[in-house]
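Visitor: Structure supplied as query30.json; contents: JSON, C-alpha atoms.
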```json
[["chain", "number", "residue", "atom", "x", "y", "z"],
["A", 1, "MET", "CA", -23.58, -32.86, 25.89],
["A", 2, "SER", "CA", -19.92, -33.74, 26.16],
["A", 3, "GLU", "CA", -17.13, -31.97, 24.29],
["A", 4, "LYS", "CA", -16.67, -35.03, 22.05],
["A", 5, "GLU", "CA", -20.37, -35.11, 21.12],
["A", 6, "ARG", "CA", -20.34, -31.39, 20.31],
["A", 7, "LYS", "CA", -17.39, -31.89, 17.98],
["A", 8, "VAL", "CA", -19.15, -34.76, 16.17],
["A", 9, "GLU", "CA", -22.32, -32.68, 15.77],
["A", 10, "THR", "CA", -20.34, -29.72, 14.45],
["A", 11, "LYS", "CA", -18.54, -31.97, 11.98],
["A", 12, "ASN", "CA", -21.84, -33.40, 10.71],
["A", 13, "LEU", "CA", -23.20, -29.88, 10.14],
["A", 14, "THR", "CA", -20.15, -28.67, 8.25],
["A", 15, "ASN", "CA", -19.61, -31.91, 6.31],
["A", 16, "PRO", "CA", -23.03, -33.33, 5.33],
["A", 17, "TYR", "CA", -23.23, -36.87, 4.08],
["A", 18, "GLU", "CA", -22.38, -37.21, 0.41],
["A", 19, "PRO", "CA", -24.47, -39.93, -1.29],
["A", 20, "THR", "CA", -22.70, -42.45, -3.48],
["A", 21, "PRO", "CA", -23.46, -42.55, -7.23],
["A", 22, "ARG", "CA", -25.68, -45.57, -6.71],
["A", 23, "GLU", "CA", -27.56, -43.85, -3.88],
["A", 24, "ARG", "CA", -28.12, -40.76, -6.03],
["A", 25, "ALA", "CA", -29.43, -42.93, -8.86],
["A", 26, "VAL", "CA", -31.81, -44.73, -6.50],
["A", 27, "ALA", "CA", -33.08, -41.42, -5.12],
["A", 28, "LYS", "CA", -33.59, -40.02, -8.63],
["A", 29, "SER", "CA", -35.50, -43.12, -9.68],
["A", 30, "TYR", "CA", -37.66, -42.94, -6.55],
["A", 31, "PHE", "CA", -38.69, -39.33, -7.09],
["A", 32, "ALA", "CA", -39.40, -40.03, -10.77],
["A", 33, "ARG", "CA", -41.76, -42.85, -9.75],
["A", 34, "LYS", "CA", -43.22, -40.73, -6.97],
["A", 35, "GLU", "CA", -44.34, -38.10, -9.49],
["A", 36, "LYS", "CA", -46.47, -40.75, -11.20],
["A", 37, "SER", "CA", -48.01, -42.06, -7.98],
["A", 38, "VAL", "CA", -51.56, -41.39, -6.87],
["A", 39, "PRO", "CA", -52.57, -39.93, -3.52],
["A", 40, "SER", "CA", -53.16, -42.20, -0.56],
["A", 41, "LEU", "CA", -56.60, -42.48, 1.00],
["A", 42, "LYS", "CA", -57.86, -40.82, 4.14],
["A", 43, "VAL", "CA", -60.72, -42.10, 6.25],
["A", 44, "SER", "CA", -63.01, -39.92, 8.32],
["A", 45, "MET", "CA", -65.51, -41.45, 10.73],
["A", 46, "LYS", "CA", -68.83, -39.94, 11.72],
["A", 47, "GLY", "CA", -70.43, -42.33, 14.13],
["A", 48, "ASP", "CA", -70.36, -45.73, 12.45],
["A", 49, "VAL", "CA", -70.18, -44.24, 8.97],
["A", 50, "ALA", "CA", -66.77, -44.09, 7.26],
["A", 51, "THR", "CA", -66.01, -41.69, 4.43],
["A", 52, "ILE", "CA", -63.10, -42.61, 2.16],
["A", 53, "SER", "CA", -61.53, -39.91, 0.04],
["A", 54, "PRO", "CA", -58.20, -39.26, -1.71],
["A", 55, "ASP", "CA", -55.66, -37.33, 0.34],
["A", 56, "HIS", "CA", -55.32, -34.58, -2.27],
["A", 57, "PRO", "CA", -55.83, -30.77, -2.18],
["A", 58, "ASP", "CA", -58.44, -31.15, -4.91],
["A", 59, "ALA", "CA", -60.80, -34.08, -4.25],
["A", 60, "GLY", "CA", -61.93, -34.19, -7.88],
["A", 61, "ILE", "CA", -58.41, -34.41, -9.25],
["A", 62, "GLY", "CA", -57.54, -37.00, -6.64],
["A", 63, "HIS", "CA", -60.51, -39.10, -7.73],
["A", 64, "LEU", "CA", -59.42, -38.87, -11.37],
["A", 65, "LEU", "CA", -55.95, -40.06, -10.41],
["A", 66, "LEU", "CA", -57.49, -43.03, -8.61],
["A", 67, "MET", "CA", -59.59, -43.90, -11.66],
["A", 68, "GLU", "CA", -56.50, -43.82, -13.85],
["A", 69, "VAL", "CA", -54.47, -46.08, -11.59],
["A", 70, "LEU", "CA", -57.38, -48.55, -11.38],
["A", 71, "GLY", "CA", -57.78, -48.66, -15.16],
["A", 72, "THR", "CA", -61.33, -47.32, -15.25],
["A", 73, "THR", "CA", -63.44, -44.26, -16.05],
["A", 74, "GLU", "CA", -66.31, -45.36, -13.81],
["A", 75, "SER", "CA", -66.64, -43.54, -10.49],
["A", 76, "ASP", "CA", -69.03, -46.20, -9.18],
["A", 77, "PHE", "CA", -66.41, -48.87, -9.83],
["A", 78, "VAL", "CA", -63.79, -46.92, -7.87],
["A", 79, "ASP", "CA", -66.14, -46.30, -4.95],
["A", 80, "GLY", "CA", -67.22, -49.93, -4.85],
["A", 81, "LEU", "CA", -63.72, -51.34, -5.08],
["A", 82, "LEU", "CA", -62.37, -49.01, -2.38],
["A", 83, "GLY", "CA", -65.22, -50.03, -0.10],
["A", 84, "GLN", "CA", -64.39, -53.70, -0.65],
["A", 85, "LEU", "CA", -60.69, -53.09, 0.02],
["A", 86, "ALA", "CA", -61.62, -51.25, 3.21],
["A", 87, "ASN", "CA", -63.74, -54.19, 4.40],
["A", 88, "VAL", "CA", -60.98, -56.71, 3.71],
["A", 89, "GLY", "CA", -58.17, -54.60, 5.18],
["A", 90, "THR", "CA", -60.01, -53.71, 8.38],
["A", 91, "ARG", "CA", -60.17, -55.57, 11.68],
["A", 92, "GLY", "CA", -62.88, -54.33, 13.98],
["A", 93, "ARG", "CA", -65.64, -51.78, 13.41],
["A", 94, "ALA", "CA", -63.60, -48.71, 12.42],
["A", 95, "VAL", "CA", -62.00, -48.63, 8.97],
["A", 96, "ASP", "CA", -58.25, -49.13, 9.23],
["A", 97, "GLU", "CA", -56.75, -46.33, 7.13],
["A", 98, "ARG", "CA", -53.30, -47.88, 7.14],
["A", 99, "GLY", "CA", -54.63, -51.29, 6.16],
["A", 100, "LEU", "CA", -56.73, -49.76, 3.39],
["A", 101, "ASN", "CA", -53.76, -47.89, 1.95],
["A", 102, "PHE", "CA", -51.68, -51.07, 2.05],
["A", 103, "MET", "CA", -54.35, -52.90, 0.06],
["A", 104, "LEU", "CA", -54.50, -50.04, -2.45],
["A", 105, "ALA", "CA", -50.69, -50.07, -2.73],
["A", 106, "VAL", "CA", -50.82, -53.75, -3.70],
["A", 107, "VAL", "CA", -53.40, -53.01, -6.39],
["A", 108, "LYS", "CA", -51.39, -50.05, -7.69],
["A", 109, "GLY", "CA", -48.28, -52.23, -7.86],
["A", 110, "VAL", "CA", -50.04, -54.57, -10.29],
["A", 111, "GLU", "CA", -50.70, -51.56, -12.57],
["A", 112, "PRO", "CA", -54.14, -52.72, -13.79],
["A", 113, "LYS", "CA", -55.05, -51.70, -17.33],
["A", 114, "ASP", "CA", -58.80, -52.28, -17.03],
["A", 115, "GLN", "CA", -61.48, -53.15, -14.50],
["A", 116, "VAL", "CA", -60.92, -56.91, -14.80],
["A", 117, "GLU", "CA", -57.25, -56.50, -13.90],
["A", 118, "ALA", "CA", -58.17, -54.12, -11.07],
["A", 119, "MET", "CA", -60.60, -56.66, -9.61],
["A", 120, "LEU", "CA", -58.04, -59.45, -9.93],
["A", 121, "ALA", "CA", -55.43, -57.23, -8.26],
["A", 122, "ALA", "CA", -57.86, -56.53, -5.41],
["A", 123, "GLN", "CA", -58.44, -60.26, -4.97],
["A", 124, "MET", "CA", -54.69, -60.83, -4.95],
["A", 125, "ALA", "CA", -54.35, -58.23, -2.20],
["A", 126, "ALA", "CA", -57.11, -59.92, -0.19],
["A", 127, "VAL", "CA", -55.57, -63.38, -0.62],
["A", 128, "HIS", "CA", -52.15, -62.07, 0.36],
["A", 129, "ASN", "CA", -53.62, -60.55, 3.52],
["A", 130, "ALA", "CA", -55.29, -63.82, 4.45],
["A", 131, "THR", "CA", -52.12, -65.79, 3.63],
["A", 132, "MET", "CA", -50.03, -63.70, 6.01],
["A", 133, "THR", "CA", -52.72, -64.03, 8.70],
["A", 134, "PHE", "CA", -52.49, -67.81, 8.58],
["A", 135, "ALA", "CA", -48.70, -67.68, 8.35],
["A", 136, "ARG", "CA", -48.76, -65.82, 11.67],
["A", 137, "ARG", "CA", -51.17, -68.33, 13.16],
["A", 138, "LEU", "CA", -49.01, -71.20, 11.97],
["A", 139, "ALA", "CA", -46.04, -69.69, 13.79],
["A", 140, "HIS", "CA", -47.99, -69.47, 17.09],
["A", 141, "VAL", "CA", -49.91, -72.75, 17.31],
["A", 142, "ASP", "CA", -50.43, -74.48, 20.66],
["A", 143, "ASN", "CA", -51.27, -77.97, 19.46],
["A", 144, "ILE", "CA", -51.27, -80.29, 16.45],
["A", 145, "PRO", "CA", -54.91, -79.62, 15.37],
["A", 146, "GLN", "CA", -54.22, -75.89, 15.27],
["A", 147, "GLN", "CA", -51.06, -76.51, 13.28],
["A", 148, "ASP", "CA", -52.84, -78.74, 10.75],
["A", 149, "SER", "CA", -55.70, -76.25, 10.31],
["A", 150, "ALA", "CA", -53.41, -73.23, 9.83],
["A", 151, "GLU", "CA", -51.11, -75.19, 7.52],
["A", 152, "ARG", "CA", -53.98, -76.30, 5.26],
["A", 153, "ALA", "CA", -55.38, -72.78, 5.00],
["A", 154, "PHE", "CA", -51.94, -71.28, 4.39],
["A", 155, "ASN", "CA", -51.12, -73.76, 1.61],
["A", 156, "LYS", "CA", -54.48, -73.25, -0.11],
["A", 157, "LEU", "CA", -54.13, -69.48, -0.01],
["A", 158, "ALA", "CA", -50.52, -69.57, -1.24],
["A", 159, "ARG", "CA", -51.54, -71.77, -4.18],
["A", 160, "THR", "CA", -54.48, -69.48, -4.91],
["A", 161, "PHE", "CA", -52.19, -66.45, -5.05],
["A", 162, "ALA", "CA", -49.84, -68.22, -7.46],
["A", 163, "ALA", "CA", -52.85, -69.15, -9.63],
["A", 164, "GLN", "CA", -53.98, -65.51, -9.61],
["A", 165, "VAL", "CA", -50.57, -64.34, -10.80],
["A", 166, "ASP", "CA", -50.71, -66.91, -13.60],
["A", 167, "ALA", "CA", -54.26, -65.84, -14.51],
["A", 168, "LEU", "CA", -53.15, -62.20, -14.74],
["A", 169, "LYS", "CA", -50.28, -63.16, -17.06],
["A", 170, "ARG", "CA", -52.61, -65.17, -19.29],
["A", 171, "TYR", "CA", -55.18, -62.38, -19.40],
["A", 172, "ARG", "CA", -52.56, -59.83, -20.36],
["A", 173, "SER", "CA", -51.07, -62.03, -23.09],
["A", 174, "ARG", "CA", -54.41, -62.82, -24.77],
["A", 175, "GLY", "CA", -54.31, -62.47, -28.54],
["A", 176, "GLU", "CA", -50.52, -62.32, -28.76],
["A", 177, "GLN", "CA", -48.85, -64.56, -31.33],
["A", 178, "HIS", "CA", -45.87, -66.67, -30.30],
["A", 179, "VAL", "CA", -43.69, -68.73, -32.60],
["A", 180, "ARG", "CA", -41.26, -71.22, -31.07],
["A", 181, "VAL", "CA", -38.86, -73.35, -33.11],
["A", 182, "GLU", "CA", -37.82, -76.39, -31.12],
["A", 183, "HIS", "CA", -34.79, -77.26, -33.24],
["A", 184, "VAL", "CA", -33.34, -76.71, -36.67],
["A", 185, "THR", "CA", -30.66, -78.97, -38.11],
["A", 186, "VAL", "CA", -28.89, -78.71, -41.45],
["A", 187, "ASN", "CA", -27.50, -81.81, -43.18],
["A", 188, "ASP", "CA", -24.22, -81.90, -45.04],
["A", 189, "GLY", "CA", -26.03, -81.20, -48.31],
["A", 190, "GLY", "CA", -27.47, -77.96, -46.98],
["A", 191, "GLN", "CA", -31.02, -79.31, -46.54],
["A", 192, "ALA", "CA", -32.80, -78.04, -43.42],
["A", 193, "ILE", "CA", -34.89, -80.33, -41.26],
["A", 194, "VAL", "CA", -37.26, -78.42, -38.99],
["A", 195, "GLY", "CA", -38.69, -80.05, -35.89],
["A", 196, "THR", "CA", -41.84, -79.07, -34.01],
["A", 197, "VAL", "CA", -43.01, -75.53, -34.69],
["A", 198, "THR", "CA", -45.75, -74.17, -32.43],
["A", 199, "HIS", "CA", -47.84, -71.11, -33.18],
["A", 200, "GLY", "CA", -49.43, -69.79, -29.98],
["A", 201, "GLY", "CA", -52.13, -67.22, -29.43],
["A", 202, "ARG", "CA", -55.71, -67.81, -28.33],
["A", 203, "GLY", "CA", -54.99, -71.49, -27.96],
["A", 204, "SER", "CA", -54.23, -72.15, -31.63],
["A", 205, "SER", "CA", -51.29, -74.39, -32.44],
["A", 206, "GLU", "CA", -49.77, -76.07, -35.44],
["A", 207, "LYS", "CA", -47.16, -78.81, -35.55],
["A", 208, "ARG", "CA", -45.05, -79.65, -38.54],
["A", 209, "GLU", "CA", -43.44, -83.05, -38.83],
["A", 210, "PRO", "CA", -39.79, -83.25, -39.83],
["A", 211, "SER", "CA", -39.42, -83.04, -43.60],
["A", 212, "SER", "CA", -36.61, -84.20, -45.82]]
```
Is it possible to express this structure as structure tokens?

Guide:
Amino acid sequence: MSEKERKVETKNLTNPYEPTPRERAVAKSYFARKEKSVPSLKVSMKGDVATISPDHPDAGIGHLLLMEVLGTTESDFVDGLLGQLANVGTRGRAVDERGLNFMLAVVKGVEPKDQVEAMLAAQMAAVHNATMTFARRLAHVDNIPQQDSAERAFNKLARTFAAQVDALKRYRSRGEQHVRVEHVTVNDGGQAIVGTVTHGGRGSSEKREPSS
């Protein structure tokens, strides 16, 4: 190590980096979110049999955390869904631990409130995986037929994902009442004329014609 490098190293030790206010706020927000996160999954193989378990000091507590984040109290649902995520996120015979945890991270990001939302989130993760696979293929085609095939699959999957996002929004907004006033005008005499008024919620709607 040269004399100049030693001086730089000494300076870094005596004067550690001081985060900016924004960086401190980001770090604080990250650790606050991290406290609410659930453990990742670990995969152990014994022959051709894979065992999936939460990476937590107490397996029971880890399983409860997984149930909470998946919006369920059913252990069988958790075990089944994790097995399905493992199948989708794995290429080859051995379960891909990294791929499985990515799929779970996508589901957790949706923050499902019940089993229906958890299943939809899992499907969204699967569709996203397939979409990126065909995006990669589309970028490495050798001929026009390959390009057309990859492009069709990519477009279908991308549209499916957008439809899934819309379905999740509709499912979460079920039963809510929405009132939208298109326009309100007041004449010189102080008389209000109200245009179309729509009452949403479970598909119900009402329209009022302008009145004088």

Visitor: For atom CA of Leu65 of chain A and atom CA of Leu41 of chain A, quote the distance in Å rounded to one decimal.

Guide: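 Atom CA of Leu41 of chain A lies at a distance of 11.7 Å from atom CA of Leu65 of chain A.
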
Visitor: Could you check the closest approach to Pro112 of chain A for each of A:Asp166, A:Glu68, A:Asp79, A:Glu97 and tell me which residue wins, using only C-alpha atoms?

Guide: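 Going through A:Asp166, A:Glu68, A:Asp79, A:Glu97 one by one, the smallest distance to Pro112 of chain A is for A:Glu68.
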
Visitor: Near Gly62 of chain A, counting all atoms listed in the file, which residues have an atom at most 7 Å away, once you skip same-chain residues fewer than 5 positions from it, shown as a list in words?

Guide: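 Residues meeting the cut-off are Pro39, Pro54 and His56 of chain A.
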
Visitor: Please determine, counting only C-alpha atoms, which residue among A:Arg159, A:Gln147, A:Ala59, A:Val110 has the shortest atom-to-atom distance to Thr131 of chain A.

Guide: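 The closest residue to Thr131 of chain A is A:Arg159.
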
Visitor: Under the rule that only C-alpha atoms are counted, which of A:Glu117, A:Asp48, A:Asp55, A:Asp76 is the nearest residue to Gly92 of chain A?

Guide: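 Of A:Glu117, A:Asp48, A:Asp55, A:Asp76, the one nearest Gly92 of chain A, counting only C-alpha atoms, is A:Asp48.
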
Visitor: For a test of reading the model, state the distance in Å between atom CA of Gln123 of chain A and atom CA of Ser53 of chain A, rounded to one decimal.

Guide: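 These two atoms are separated by 21.2 Å.
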
Visitor: Mind pulling up the distance from atom CA of Val165 of chain A to atom CA of Glu151 of chain A?

Guide: 21.3 Å

Visitor: Go through A:Ala94, A:Ala122, A:Val69, A:Leu168 and flag the residue nearest Thr51 of chain A, using only C-alpha atoms for the distances.

Guide: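 So, comparing all the options, the nearest one is A:Ala94.
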
Visitor: Fewer than 5 positions away in the same chain doesn't count, so skip those; otherwise give me all residues within 7 Å of segment 153-157 of chain A, counting only C-alpha atoms, as a ChimeraX atom specification.

Guide: /A:127,131,134-135

Visitor: Under the rule that only C-alpha atoms are counted, which of A:Val106, A:Val38, A:Ala126, A:Ala32 is the nearest residue to Val88 of chain A?

Guide: A:Ala126

Visitor: Using only C-alpha atoms, which protein or nucleic acid residues come within 12 Å of Glu74 of chain A? Drop anything in the same chain fewer than 6 positions from it, and give the result as a list in words.

Guide: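 The neighbour list is His63, Leu64, Leu66, Met67, Glu68, Gly80, Leu81, Asp114 and Gln115 of chain A.
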
Visitor: Tell me which of A:Phe161, A:Tyr30, A:Phe102, A:Tyr17 sits closest to His128 of chain A, counting all atoms listed in the file.

Guide: A:Phe161
